[in-house]
file target.txt (compact mmCIF, C-alpha atoms (C1' of nucleotides))
# COMPACT_ATOMS: atom_id res chain seq x y z
CA MET H 1 -12.06 -22.81 31.17
CA ALA H 2 -9.21 -20.64 29.96
CA ARG H 3 -8.80 -20.20 26.25
CA THR H 4 -5.32 -20.96 25.02
CA VAL H 5 -5.41 -20.98 21.22
CA ALA H 6 -7.83 -19.53 18.74
CA GLU H 7 -7.12 -21.61 15.68
CA ARG H 8 -6.52 -25.23 15.00
CA SER H 9 -3.68 -24.24 12.71
CA ASP H 10 -1.89 -22.61 15.65
CA VAL H 11 -1.04 -25.97 17.16
CA LEU H 12 0.15 -27.63 13.94
CA PRO H 13 3.79 -26.52 14.26
CA LEU H 14 3.91 -27.75 17.85
CA LEU H 15 2.28 -30.98 16.80
CA ALA H 16 4.76 -31.38 13.97
CA GLU H 17 7.66 -31.03 16.35
CA VAL H 18 6.28 -33.75 18.62
CA PHE H 19 5.90 -36.15 15.71
CA ARG H 20 9.36 -35.31 14.46
CA GLU H 21 10.95 -35.94 17.83
CA HIS H 22 9.05 -39.03 18.88
CA GLY H 23 7.65 -40.55 15.69
CA TYR H 24 4.04 -41.51 15.14
CA GLU H 25 3.84 -44.32 17.68
CA GLY H 26 5.98 -42.52 20.23
CA ALA H 27 3.94 -39.34 20.12
CA SER H 28 1.58 -40.19 22.94
CA LEU H 29 -1.43 -38.02 23.68
CA SER H 30 0.11 -37.01 26.99
CA LEU H 31 3.24 -35.77 25.20
CA ILE H 32 1.11 -33.97 22.64
CA SER H 33 -0.98 -32.48 25.41
CA LYS H 34 2.10 -31.24 27.21
CA ALA H 35 3.71 -29.84 24.07
CA THR H 36 0.62 -27.99 22.90
CA GLY H 37 -0.70 -27.01 26.31
CA LEU H 38 -4.05 -28.43 25.28
CA GLY H 39 -6.02 -30.98 27.24
CA LYS H 40 -7.54 -34.03 25.67
CA GLY H 41 -10.86 -32.26 25.42
CA SER H 42 -9.41 -29.56 23.19
CA LEU H 43 -7.31 -31.97 21.21
CA TYR H 44 -10.29 -34.14 20.35
CA HIS H 45 -12.33 -31.05 19.68
CA PHE H 46 -9.87 -29.89 17.01
CA PHE H 47 -9.03 -33.37 15.75
CA PRO H 48 -12.02 -35.67 16.22
CA GLY H 49 -10.11 -38.41 14.42
CA GLY H 50 -7.45 -38.46 17.13
CA LYS H 51 -3.79 -39.02 16.49
CA GLU H 52 -4.24 -40.10 12.90
CA GLU H 53 -6.07 -36.91 12.00
CA MET H 54 -3.38 -34.88 13.76
CA ALA H 55 -0.67 -36.55 11.72
CA VAL H 56 -2.60 -36.05 8.49
CA ALA H 57 -3.02 -32.35 9.29
CA VAL H 58 0.68 -32.01 10.05
CA LEU H 59 1.65 -33.78 6.83
CA ALA H 60 -0.70 -31.52 4.90
CA GLU H 61 0.90 -28.44 6.39
CA ILE H 62 4.40 -29.67 5.65
CA ASP H 63 3.33 -30.56 2.13
CA GLY H 64 1.84 -27.12 1.66
CA TRP H 65 4.99 -25.44 2.93
CA PHE H 66 7.24 -27.38 0.54
CA GLU H 67 4.85 -26.86 -2.32
CA ALA H 68 4.94 -23.09 -1.80
CA ASN H 69 8.60 -22.70 -0.88
CA VAL H 70 10.36 -25.46 -2.79
CA PHE H 71 8.32 -27.28 -5.45
CA ARG H 72 6.56 -24.34 -7.09
CA PRO H 73 9.68 -22.14 -7.32
CA LEU H 74 11.46 -25.02 -9.04
CA ARG H 75 8.65 -25.36 -11.56
CA GLU H 76 7.88 -21.75 -12.26
CA THR H 77 11.17 -19.90 -12.06
CA ASN H 78 12.72 -18.20 -15.04
CA ASP H 79 16.19 -18.96 -13.73
CA PRO H 80 16.28 -22.71 -13.04
CA ARG H 81 19.91 -22.70 -11.88
CA ALA H 82 19.20 -20.05 -9.27
CA ALA H 83 16.05 -21.92 -8.21
CA VAL H 84 18.02 -25.12 -7.67
CA ALA H 85 20.59 -23.29 -5.59
CA THR H 86 17.79 -21.71 -3.57
CA MET H 87 16.26 -25.15 -3.02
CA PHE H 88 19.42 -26.39 -1.33
CA ALA H 89 19.69 -23.29 0.83
CA THR H 90 16.00 -23.48 1.80
CA THR H 91 16.09 -27.17 2.69
CA ALA H 92 19.35 -26.85 4.61
CA GLU H 93 17.73 -24.16 6.70
CA TYR H 94 14.48 -26.09 7.08
CA PHE H 95 16.26 -29.23 8.28
CA ARG H 96 18.63 -27.13 10.36
CA SER H 97 21.68 -28.79 8.89
CA GLY H 98 20.43 -32.22 9.87
CA ARG H 99 19.56 -31.38 13.46
CA ARG H 100 15.91 -31.49 12.50
CA VAL H 101 14.44 -34.69 11.18
CA CYS H 102 12.37 -34.86 7.99
CA LEU H 103 9.03 -36.11 9.26
CA VAL H 104 8.03 -37.46 5.86
CA GLY H 105 11.25 -39.42 5.58
CA ALA H 106 11.08 -40.68 9.14
CA LEU H 107 7.51 -41.88 8.66
CA SER H 108 8.56 -43.62 5.46
CA LEU H 109 10.99 -45.76 7.46
CA SER H 110 8.55 -46.48 10.29
CA ASP H 111 5.68 -48.89 10.51
CA ALA H 112 3.32 -45.93 10.08
CA ARG H 113 4.34 -45.89 6.43
CA ASP H 114 1.37 -47.95 5.26
CA ARG H 115 -1.07 -45.70 7.07
CA PHE H 116 0.12 -42.61 5.20
CA ALA H 117 1.57 -44.29 2.11
CA GLY H 118 -0.23 -42.13 -0.44
CA ARG H 119 0.78 -38.85 1.15
CA LEU H 120 4.41 -39.88 1.60
CA ARG H 121 4.68 -41.05 -2.00
CA ASP H 122 3.04 -37.90 -3.26
CA TYR H 123 5.40 -35.60 -1.37
CA PHE H 124 8.57 -37.21 -2.70
CA ALA H 125 7.17 -37.78 -6.18
CA ARG H 126 6.33 -34.11 -6.57
CA TRP H 127 9.71 -33.08 -5.22
CA VAL H 128 11.52 -35.31 -7.71
CA GLU H 129 9.29 -34.14 -10.56
CA ALA H 130 9.75 -30.47 -9.81
CA LEU H 131 13.52 -30.83 -9.53
CA THR H 132 13.65 -32.91 -12.70
CA ALA H 133 11.82 -30.19 -14.60
CA ALA H 134 14.16 -27.50 -13.30
CA LEU H 135 17.26 -29.54 -14.15
CA ALA H 136 15.96 -30.25 -17.64
CA ARG H 137 15.36 -26.57 -18.19
CA ALA H 138 18.85 -25.89 -16.87
CA GLY H 139 20.24 -27.92 -19.72
CA HIS H 140 20.51 -31.50 -18.49
CA GLY H 141 19.35 -34.23 -20.82
CA PRO H 142 15.93 -35.67 -20.07
CA GLU H 143 17.10 -38.98 -18.63
CA ALA H 144 20.04 -37.45 -16.75
CA ALA H 145 17.79 -34.81 -15.17
CA GLY H 146 15.55 -37.49 -13.64
CA ALA H 147 18.46 -39.52 -12.34
CA ILE H 148 20.18 -36.51 -10.79
CA ALA H 149 16.93 -35.34 -9.22
CA GLU H 150 16.39 -38.72 -7.57
CA GLU H 151 19.96 -38.72 -6.35
CA ALA H 152 19.61 -35.20 -4.93
CA VAL H 153 16.27 -35.72 -3.16
CA GLY H 154 17.43 -39.06 -1.78
CA GLY H 155 20.79 -37.53 -0.94
CA ILE H 156 19.18 -34.85 1.19
CA GLN H 157 17.27 -37.49 3.12
CA GLY H 158 20.41 -39.52 3.58
CA ALA H 159 22.28 -36.44 4.73
CA VAL H 160 19.74 -36.00 7.50
CA VAL H 161 20.19 -39.61 8.57
CA LEU H 162 23.97 -39.48 8.49
CA ALA H 163 24.37 -36.08 10.13
CA ARG H 164 22.01 -37.09 12.90
CA ALA H 165 23.71 -40.43 13.51
CA LEU H 166 27.17 -38.86 13.51
CA ASP H 167 25.93 -35.78 15.33
CA ARG H 168 27.82 -33.68 12.83
CA PRO H 169 25.90 -30.90 11.07
CA ASP H 170 29.00 -30.14 9.00
CA VAL H 171 28.56 -33.50 7.26
CA PHE H 172 25.06 -32.41 6.25
CA GLU H 173 26.39 -29.17 4.81
CA ARG H 174 29.21 -30.88 2.94
CA ILE H 175 26.89 -33.44 1.35
CA LEU H 176 24.48 -30.75 0.23
CA THR H 177 27.32 -28.77 -1.26
CA GLY H 178 28.32 -31.81 -3.28
CA LEU H 179 24.77 -32.46 -4.42
CA ARG H 180 24.32 -28.86 -5.48
CA ALA H 181 27.51 -28.98 -7.49
CA ARG H 182 26.26 -32.12 -9.16
CA CYS H 183 22.96 -30.43 -10.05
CA LEU H 184 24.58 -27.25 -11.34
CA GLY H 185 27.72 -28.81 -12.74
CA THR H 186 27.79 -29.78 -16.41
CA ALA H 187 24.71 -28.15 -17.84
CA MET M 1 8.08 -77.13 28.72
CA ALA M 2 9.00 -77.62 25.10
CA ARG M 3 12.37 -76.41 23.95
CA THR M 4 12.23 -74.22 20.88
CA VAL M 5 15.69 -72.75 20.33
CA ALA M 6 19.11 -73.77 21.50
CA GLU M 7 21.05 -70.57 21.14
CA ARG M 8 20.39 -66.97 21.92
CA SER M 9 21.92 -66.04 18.60
CA ASP M 10 19.25 -68.05 16.80
CA VAL M 11 16.61 -65.47 17.59
CA LEU M 12 18.66 -62.41 16.66
CA PRO M 13 17.66 -62.36 12.98
CA LEU M 14 13.98 -62.67 13.91
CA LEU M 15 14.42 -59.95 16.51
CA ALA M 16 16.15 -57.73 13.97
CA GLU M 17 13.26 -58.08 11.56
CA VAL M 18 10.76 -57.04 14.25
CA PHE M 19 12.78 -53.94 15.10
CA ARG M 20 13.18 -53.11 11.41
CA GLU M 21 9.46 -53.39 10.73
CA HIS M 22 8.13 -51.71 13.85
CA GLY M 23 10.94 -49.57 15.22
CA TYR M 24 12.18 -49.67 18.78
CA GLU M 25 9.07 -48.29 20.46
CA GLY M 26 6.71 -50.17 18.19
CA ALA M 27 8.37 -53.54 18.77
CA SER M 28 6.24 -54.62 21.70
CA LEU M 29 7.09 -57.70 23.71
CA SER M 30 3.96 -59.40 22.44
CA LEU M 31 5.07 -58.80 18.83
CA ILE M 32 8.55 -60.01 19.67
CA SER M 33 7.12 -63.04 21.41
CA LYS M 34 4.95 -63.87 18.42
CA ALA M 35 7.77 -63.36 15.91
CA THR M 36 10.28 -65.46 17.80
CA GLY M 37 7.91 -68.05 19.15
CA LEU M 38 9.37 -67.45 22.59
CA GLY M 39 7.39 -66.58 25.68
CA LYS M 40 8.33 -63.81 28.01
CA GLY M 41 10.08 -66.25 30.27
CA SER M 42 12.49 -67.32 27.55
CA LEU M 43 12.94 -63.80 26.27
CA TYR M 44 13.95 -62.51 29.69
CA HIS M 45 16.11 -65.54 30.22
CA PHE M 46 18.15 -64.74 27.10
CA PHE M 47 17.95 -60.98 27.51
CA PRO M 48 17.71 -60.09 31.21
CA GLY M 49 17.92 -56.43 30.27
CA GLY M 50 14.67 -56.61 28.34
CA LYS M 51 14.00 -54.76 25.11
CA GLU M 52 17.06 -52.56 25.38
CA GLU M 53 19.38 -55.54 25.63
CA MET M 54 17.63 -57.16 22.68
CA ALA M 55 18.17 -54.06 20.57
CA VAL M 56 21.80 -53.83 21.62
CA ALA M 57 22.34 -57.46 20.66
CA VAL M 58 20.69 -56.92 17.29
CA LEU M 59 22.79 -53.82 16.63
CA ALA M 60 25.92 -55.75 17.56
CA GLU M 61 25.04 -58.51 15.13
CA ILE M 62 24.33 -56.06 12.32
CA ASP M 63 27.56 -54.25 13.11
CA GLY M 64 29.46 -57.51 13.02
CA TRP M 65 27.94 -58.47 9.70
CA PHE M 66 28.86 -55.16 8.08
CA GLU M 67 32.31 -55.24 9.62
CA ALA M 68 32.99 -58.67 8.11
CA ASN M 69 31.22 -58.22 4.78
CA VAL M 70 31.59 -54.54 4.00
CA PHE M 71 34.03 -52.56 6.14
CA ARG M 72 36.92 -54.99 6.35
CA PRO M 73 36.92 -55.84 2.62
CA LEU M 74 37.08 -52.11 1.88
CA ARG M 75 40.05 -51.69 4.19
CA GLU M 76 42.01 -54.78 3.34
CA THR M 77 41.47 -55.43 -0.34
CA ASN M 78 44.26 -55.27 -2.85
CA ASP M 79 41.85 -54.05 -5.51
CA PRO M 80 40.04 -51.04 -4.01
CA ARG M 81 37.97 -50.38 -7.13
CA ALA M 82 36.62 -53.91 -7.12
CA ALA M 83 35.99 -53.70 -3.37
CA VAL M 84 33.94 -50.53 -3.82
CA ALA M 85 31.88 -52.14 -6.56
CA THR M 86 31.34 -55.16 -4.34
CA MET M 87 30.20 -52.88 -1.51
CA PHE M 88 27.39 -51.49 -3.63
CA ALA M 89 26.32 -54.95 -4.76
CA THR M 90 26.43 -56.30 -1.21
CA THR M 91 24.44 -53.44 0.30
CA ALA M 92 21.87 -53.46 -2.49
CA GLU M 93 21.28 -57.11 -1.77
CA TYR M 94 21.27 -56.60 2.00
CA PHE M 95 18.69 -53.81 1.81
CA ARG M 96 16.77 -55.72 -0.85
CA SER M 97 16.74 -52.74 -3.17
CA GLY M 98 15.14 -50.55 -0.56
CA ARG M 99 12.40 -52.95 0.45
CA ARG M 100 14.26 -53.62 3.65
CA VAL M 101 14.88 -50.78 6.06
CA CYS M 102 18.32 -50.02 7.50
CA LEU M 103 17.74 -50.46 11.22
CA VAL M 104 20.70 -48.27 12.14
CA GLY M 105 19.43 -45.47 9.94
CA ALA M 106 15.85 -45.84 11.14
CA LEU M 107 16.94 -45.72 14.78
CA SER M 108 18.99 -42.62 14.02
CA LEU M 109 15.83 -40.81 12.96
CA SER M 110 13.74 -42.05 15.88
CA ASP M 111 13.60 -40.94 19.47
CA ALA M 112 15.57 -44.06 20.38
CA ARG M 113 18.61 -42.34 18.90
CA ASP M 114 19.89 -41.02 22.21
CA ARG M 115 19.66 -44.43 23.81
CA PHE M 116 21.97 -46.01 21.22
CA ALA M 117 23.83 -42.89 20.10
CA GLY M 118 27.31 -44.31 20.51
CA ARG M 119 26.60 -47.46 18.55
CA LEU M 120 24.84 -45.63 15.72
CA ARG M 121 27.66 -43.11 15.40
CA ASP M 122 30.26 -45.85 15.44
CA TYR M 123 28.58 -47.86 12.68
CA PHE M 124 28.37 -44.97 10.26
CA ALA M 125 31.76 -43.53 11.23
CA ARG M 126 33.49 -46.83 10.47
CA TRP M 127 31.61 -47.20 7.21
CA VAL M 128 32.66 -43.72 6.07
CA GLU M 129 36.25 -44.28 7.20
CA ALA M 130 36.57 -47.63 5.45
CA LEU M 131 35.13 -46.27 2.24
CA THR M 132 37.32 -43.17 2.44
CA ALA M 133 40.40 -45.33 2.76
CA ALA M 134 39.40 -47.45 -0.24
CA LEU M 135 38.66 -44.39 -2.37
CA ALA M 136 41.97 -42.81 -1.43
CA ARG M 137 43.78 -45.97 -2.42
CA ALA M 138 41.79 -45.99 -5.65
CA GLY M 139 43.35 -42.69 -6.54
CA HIS M 140 41.05 -39.98 -5.20
CA GLY M 141 42.64 -37.05 -3.42
CA PRO M 142 42.51 -37.19 0.38
CA GLU M 143 39.82 -34.51 0.82
CA ALA M 144 37.76 -35.67 -2.16
CA ALA M 145 37.80 -39.27 -0.91
CA GLY M 146 36.20 -38.24 2.38
CA ALA M 147 33.57 -36.10 0.74
CA ILE M 148 32.60 -38.77 -1.76
CA ALA M 149 32.48 -41.41 0.97
CA GLU M 150 30.08 -39.32 3.03
CA GLU M 151 27.97 -38.69 -0.02
CA ALA M 152 27.88 -42.40 -0.87
CA VAL M 153 27.05 -43.67 2.61
CA GLY M 154 24.42 -40.98 3.08
CA GLY M 155 23.18 -41.58 -0.43
CA ILE M 156 22.55 -45.25 0.29
CA GLN M 157 20.53 -44.31 3.36
CA GLY M 158 18.57 -41.76 1.37
CA ALA M 159 17.97 -44.30 -1.36
CA VAL M 160 16.31 -46.56 1.19
CA VAL M 161 14.09 -43.72 2.37
CA LEU M 162 13.13 -42.63 -1.12
CA ALA M 163 12.58 -46.10 -2.56
CA ARG M 164 10.43 -47.03 0.38
CA ALA M 165 8.34 -43.86 0.24
CA LEU M 166 7.85 -44.15 -3.51
CA ASP M 167 7.50 -47.92 -3.32
CA ARG M 168 9.89 -48.18 -6.25
CA PRO M 169 12.90 -50.47 -5.87
CA ASP M 170 14.12 -49.36 -9.28
CA VAL M 171 14.78 -45.89 -7.82
CA PHE M 172 17.05 -47.52 -5.25
CA GLU M 173 18.97 -49.35 -7.93
CA ARG M 174 19.33 -46.25 -10.10
CA ILE M 175 20.63 -44.13 -7.23
CA LEU M 176 23.17 -46.77 -6.27
CA THR M 177 24.33 -47.02 -9.85
CA GLY M 178 24.95 -43.27 -9.87
CA LEU M 179 26.80 -43.38 -6.57
CA ARG M 180 28.97 -46.22 -7.72
CA ALA M 181 29.86 -44.33 -10.87
CA ARG M 182 30.76 -41.33 -8.75
CA CYS M 183 33.03 -43.46 -6.57
CA LEU M 184 34.72 -45.22 -9.47
CA GLY M 185 34.62 -42.31 -11.92
CA THR M 186 37.63 -40.05 -12.10
CA ALA M 187 40.30 -41.90 -10.20
C1' DT L 1 -27.16 -9.14 32.35
C1' DA L 2 -28.98 -13.29 30.12
C1' DT L 3 -28.16 -16.57 26.54
C1' DC L 4 -25.73 -19.99 24.03
C1' DA L 5 -22.42 -22.33 21.17
C1' DT L 6 -17.62 -23.06 21.66
C1' DT L 7 -13.72 -24.44 24.21
C1' DC L 8 -11.48 -26.98 27.72
C1' DG L 9 -10.07 -29.91 32.12
C1' DT L 10 -10.82 -34.07 34.42
C1' DA L 11 -12.25 -38.46 35.36
C1' DC L 12 -13.03 -42.53 33.40
C1' DT L 13 -12.87 -46.98 30.20
C1' DG L 14 -10.79 -51.20 28.50
C1' DA L 15 -6.67 -52.53 26.41
C1' DT L 16 -1.88 -52.97 26.26
C1' DC L 17 2.62 -51.70 27.74
C1' DG L 18 7.39 -53.50 29.88
C1' DG L 19 8.75 -56.18 33.44
C1' DT L 20 8.59 -59.65 37.53
C1' DA L 21 7.53 -63.97 39.95
C1' DC L 22 7.27 -68.47 39.97
C1' DA L 23 6.13 -73.16 39.12
C1' DG L 24 7.06 -76.82 36.17
C1' DA L 25 9.11 -79.40 32.20
C1' DA L 26 13.24 -80.82 29.60
C1' DA L 27 18.30 -81.91 29.42
C1' DG L 28 22.62 -83.33 31.28
C1' DG L 29 25.75 -85.20 34.90
C1' DC L 30 26.33 -88.99 37.79
C1' DG J 1 17.35 -93.78 38.95
C1' DC J 2 17.81 -89.04 40.95
C1' DC J 3 19.05 -83.96 41.06
C1' DT J 4 20.72 -79.83 39.42
C1' DT J 5 20.72 -76.52 35.81
C1' DT J 6 18.62 -74.64 31.99
C1' DC J 7 14.70 -73.27 29.75
C1' DT J 8 9.62 -71.98 29.22
C1' DG J 9 4.56 -70.68 29.92
C1' DT J 10 1.42 -68.12 32.59
C1' DA J 11 -0.37 -65.19 35.86
C1' DC J 12 0.27 -60.98 37.58
C1' DC J 13 2.00 -55.97 38.61
C1' DG J 14 1.67 -50.86 38.17
C1' DA J 15 1.92 -47.64 34.52
C1' DT J 16 0.41 -45.83 30.42
C1' DC J 17 -1.98 -46.09 26.13
C1' DA J 18 -5.95 -43.99 22.82
C1' DG J 19 -10.24 -42.58 23.22
C1' DT J 20 -14.99 -41.13 25.52
C1' DA J 21 -18.09 -38.58 28.50
C1' DC J 22 -19.45 -34.71 30.53
C1' DG J 23 -19.75 -30.67 33.27
C1' DA J 24 -17.84 -26.22 33.80
C1' DA J 25 -15.84 -22.00 32.19
C1' DT J 26 -15.53 -18.71 28.45
C1' DG J 27 -16.49 -15.09 24.80
C1' DA J 28 -19.61 -13.27 21.67
C1' DT J 29 -24.07 -11.56 21.01
C1' DA J 30 -27.74 -9.18 22.44
call {"tool": "encode", "arguments": {"input": "target.txt", "output": "C-alpha cells"}}
result
Amino acid sequence: MARTVAERSDVLPLLAEVFREHGYEGASLSLISKATGLGKGSLYHFFPGGKEEMAVAVLAEIDGWFEANVFRPLRETNDPRAAVATMFATTAEYFRSGRRVCLVGALSLSDARDRFAGRLRDYFARWVEALTAALARAGHGPEAAGAIAEEAVGGIQGAVVLARALDRPDVFERILTGLRARCLGTA
Amino acid sequence: MARTVAERSDVLPLLAEVFREHGYEGASLSLISKATGLGKGSLYHFFPGGKEEMAVAVLAEIDGWFEANVFRPLRETNDPRAAVATMFATTAEYFRSGRRVCLVGALSLSDARDRFAGRLRDYFARWVEALTAALARAGHGPEAAGAIAEEAVGGIQGAVVLARALDRPDVFERILTGLRARCLGTA
DNA sequence: TATCATTCGTACTGATCGGTACAGAAAGGC
DNA sequence: GCCTTTCTGTACCGATCAGTACGAATGATA
C-alpha cells in the first residue's frame, strides 16, 4: 500500500483541527480518516488506544507548544512587561482572533472533561502560574497578580466564546486589548 | 399507557441539563429518554422535529429566562449600578459558580454552532447591548461602556471555562468580583 | 533479487445512533 | 356507556459508530 506519512507527529496538527472543529465525541473515525488521509489500519497502528490516545497526543502537543511559546517566556524573560505583551500577541495569532477554538477550553466544557481532567487542569494552572509570576515581577502585588492572571486567562477563553458566537473577530481583539492594558496598567 | 407529564414545558429543564452535560451531539435520545422518563413516542409527540427541535426549545427557554431576569432589568432599571451588581449575583447563582456550564457558550464552541448560529448570536448580542446601556447610564462614556460590557460578558463565559477546568469555583467567584468592580469602578 | 518488518486498505463485528410506525392505554366530551 | 383525541411503549429501520482482523503492498536491507 502507498505510504502517506512518515511520522506519527505529522498527523497531530490535522488531528487537532478535527477535534477542534467537531469536539471529542463528534470527531468520528471516518472524519479523522478523511482529514488525515489515513485508513483505520494506519490510525490504529499509530494510536493503538484509538480515539482517546489520539486526543491525549493532541493535548500533549498543544501543551508542549504553549509551554515553549507562552508559559516559559513568561517565566524566564528579563522583561516581564514585554513578555506579557508578547503573550497576548501570540495567543491572538494562535486563536486566529477567535475564529479558532481553544481545544482545551472546549473540552473543559464538554462531557469529555472528566476523561482528560488532569491534563486540562494542568494546562490552565500552569498558564495562570506563569502569568502570575510575570505580573508579580512587573510590579503587581502578590495577591493582585494572581487575580489579574486568572482574569486574563479566563478572559481570553471568554473572548473566544464570545467572538465565535457573535462571529465578530474584532470583539476578540478589543477584549484582548483591554486585558493587556489591565495587565500592563498600574505596575 | 401511564401518563408521566402534562406539559411539554415540564421536560425543558431536564432536557436542558442533558444538553449542558453532554453537548448537542452527545445528548443521545436514549440519554434524553432516561433523563426525562419519556419514551421515544412521547418525545417525538412533544418535539416532532426531534433533537433539533428539543435544542431549539431549550435555547428559547434559556433565552426567555435571561431576558426576564438579566437583560430587561439592565435595560429598565432606575438604578443602573444596582442592576449591574444584581446581574453578577444572578449569573453567579445561575451558573452555580462555574459548576454549571453555559449551554449557549458551550454550543458556540461546538460543531453545533452553525445549526443554531442565529440564536447564539442573538443571546450574546442582547446581553452585551443591555449591559452597555446600563453602563452608559451609570456614567461610563459611550465607547468605554461597550468595551467593558464585552469584556464582562466574555469574562463570565471564560470564568465558567476556567473554573470548570481547574475544578475551582472560588476562581469563578474571584473573576466575577473583579469584573463587577471594573463595571462599577470609575463611573 | 530475496527477505522482512512496517505500513496501510478493506471488510467485518456488535453496538448504538436518530427517526418512524403503530398498537394500545388514559383522559375528556357527550 | 361509548368514542375521539391525546399520550406512551416497543419494535423496527437504515446508517453510522469504535474497534478488530488480516492480507497485501511497500521500503529498507542485503
call {"tool": "residues_around", "arguments": {"input": "target.txt", "residues": "DG29 of chain L", "least_positions_apart": "4", "cutoff": "12 Å", "atoms": "all atoms listed in the file", "output": "list of chain:residue names"}}
result
J:DC2, J:DC3, J:DT4, J:DT5
call {"tool": "write_last_selection", "arguments": {"input": "target.txt", "atoms": "C-alpha atoms (C1' of nucleotides)", "output": "CSV table (one decimal), in the frame of the given file"}}
result
chain,number,residue,atom,x,y,z
J,2,DC,C1',17.8,-89.0,41.0
J,3,DC,C1',19.0,-84.0,41.1
J,4,DT,C1',20.7,-79.8,39.4
J,5,DT,C1',20.7,-76.5,35.8
call {"tool": "residues_around", "arguments": {"input": "target.txt", "residues": "DA21 of chain J", "least_positions_apart": "5", "cutoff": "12 Å", "atoms": "all atoms listed in the file", "output": "PyMOL selection string"}}
result
(chain H and resi 40-41) or (chain L and resi 10-13)
call {"tool": "atom_distance", "arguments": {"input": "target.txt", "atom1": "atom C1' of DG9 of chain L", "atom2": "atom C1' of DC22 of chain J"}}
result
10.7 Å
call {"tool": "interface_residues", "arguments": {"input": "target.txt", "of": "chain H", "to": "chain M", "cutoff": "7 Å", "atoms": "all atoms listed in the file", "output": "ChimeraX atom specification"}}
result
/H:21-23,25-26,101,105-106,108-111,120-121,125,150-151,154-159,161-162,164-166,175
call {"tool": "residues_around", "arguments": {"input": "target.txt", "residues": "segment 57-63 of chain M", "least_positions_apart": "2", "cutoff": "9 Å", "atoms": "all atoms listed in the file", "output": "short mmCIF file (atom, residue, chain, number, x, y, z; two decimals) with C-alpha atoms, keeping the file's coordinate frame"}}
result
data_model
loop_
_atom_site.label_atom_id
_atom_site.label_comp_id
_atom_site.auth_asym_id
_atom_site.auth_seq_id
_atom_site.Cartn_x
_atom_site.Cartn_y
_atom_site.Cartn_z
CA SER M 9 21.92 -66.04 18.60
CA LEU M 12 18.66 -62.41 16.66
CA PRO M 13 17.66 -62.36 12.98
CA LEU M 15 14.42 -59.95 16.51
CA ALA M 16 16.15 -57.73 13.97
CA PHE M 19 12.78 -53.94 15.10
CA PHE M 47 17.95 -60.98 27.51
CA GLU M 52 17.06 -52.56 25.38
CA GLU M 53 19.38 -55.54 25.63
CA MET M 54 17.63 -57.16 22.68
CA ALA M 55 18.17 -54.06 20.57
CA TRP M 65 27.94 -58.47 9.70
CA PHE M 66 28.86 -55.16 8.08
CA GLU M 67 32.31 -55.24 9.62
CA ALA M 68 32.99 -58.67 8.11
CA LEU M 103 17.74 -50.46 11.22
CA VAL M 104 20.70 -48.27 12.14
CA ARG M 119 26.60 -47.46 18.55
CA LEU M 120 24.84 -45.63 15.72
CA TYR M 123 28.58 -47.86 12.68
#
call {"tool": "residues_around", "arguments": {"input": "target.txt", "residues": "DA5 of chain L", "least_positions_apart": "3", "cutoff": "12 Å", "atoms": "all atoms listed in the file", "output": "list in words"}}
result
DT26, DG27, DA28 and DT29 of chain J
call {"tool": "residues_near_point", "arguments": {"input": "target.txt", "point": "(1.2, -58.1, 43.4)", "cutoff": "10 Å", "atoms": "only C-alpha atoms (C1' of nucleotides)", "output": "MDAnalysis selection string"}}
result
(chainID L and resid 20:21) or (chainID J and resid 12:14)
call {"tool": "closest_residue", "arguments": {"input": "target.txt", "among": "H:Ala181, H:Leu29, H:Ala138, H:Ala144", "to": "chain J", "atoms": "all atoms listed in the file"}}
result
H:Leu29
call {"tool": "interface_residues", "arguments": {"input": "target.txt", "of": "chain J", "to": "chain H", "cutoff": "10 Å", "atoms": "all atoms listed in the file", "output": "PDB file with C-alpha atoms (C1' of nucleotides), in the coordinates of the input"}}
result
ATOM      1  C1'  DT J  16       0.410 -45.830  30.420  1.00  0.00           C
ATOM      2  C1'  DC J  17      -1.980 -46.090  26.130  1.00  0.00           C
ATOM      3  C1'  DA J  18      -5.950 -43.990  22.820  1.00  0.00           C
ATOM      4  C1'  DG J  19     -10.240 -42.580  23.220  1.00  0.00           C
ATOM      5  C1'  DT J  20     -14.990 -41.130  25.520  1.00  0.00           C
ATOM      6  C1'  DA J  24     -17.840 -26.220  33.800  1.00  0.00           C
ATOM      7  C1'  DA J  25     -15.840 -22.000  32.190  1.00  0.00           C
ATOM      8  C1'  DT J  26     -15.530 -18.710  28.450  1.00  0.00           C
ATOM      9  C1'  DG J  27     -16.490 -15.090  24.800  1.00  0.00           C
TER      10       DG J  27
END
call {"tool": "closest_residue", "arguments": {"input": "target.txt", "among": "H:Ala133, H:Leu38, H:Leu184, H:Val56", "to": "Thr86 of chain H", "atoms": "only C-alpha atoms"}}
result
H:Leu184
call {"tool": "atom_distance", "arguments": {"input": "target.txt", "atom1": "atom C1' of DT6 of chain J", "atom2": "atom CA of Ser42 of chain M"}}
result
10.5 Å
call {"tool": "atom_distance", "arguments": {"input": "target.txt", "atom1": "atom CA of Thr91 of chain M", "atom2": "atom CA of Leu131 of chain M"}}
result
13.0 Å
call {"tool": "axis_aligned_box", "arguments": {"input": "target.txt", "around": "segment 1-15 of chain J", "padding_each_side": "3 Å", "output": "lines of an AutoDock Vina configuration file"}}
result
center_x = 10.2
center_y = -70.7
center_z = 35.1
size_x = 27.1
size_y = 52.1
size_z = 17.8
call {"tool": "closest_atom_pairs", "arguments": {"input": "target.txt", "of": "chain L", "to": "chain M", "cutoff": "12 Å", "atoms": "only C-alpha atoms (C1' of nucleotides)", "output": "Markdown table"}}
result
| residue | atom | partner | partner_atom | distance |
| --- | --- | --- | --- | --- |
| L:DT16 | C1' | M:Ser28 | CA | 9.5 |
| L:DC17 | C1' | M:Ser28 | CA | 7.6 |
| L:DG18 | C1' | M:Leu29 | CA | 7.5 |
| L:DG19 | C1' | M:Gly50 | CA | 7.8 |
| L:DT20 | C1' | M:Tyr44 | CA | 9.9 |
| L:DA21 | C1' | M:Gly41 | CA | 10.3 |
| L:DC22 | C1' | M:Gly41 | CA | 10.3 |
| L:DA23 | C1' | M:Met1 | CA | 11.3 |
| L:DG24 | C1' | M:Met1 | CA | 7.5 |
| L:DA25 | C1' | M:Met1 | CA | 4.3 |
| L:DA26 | C1' | M:Met1 | CA | 6.4 |
| L:DA27 | C1' | M:Arg3 | CA | 9.8 |
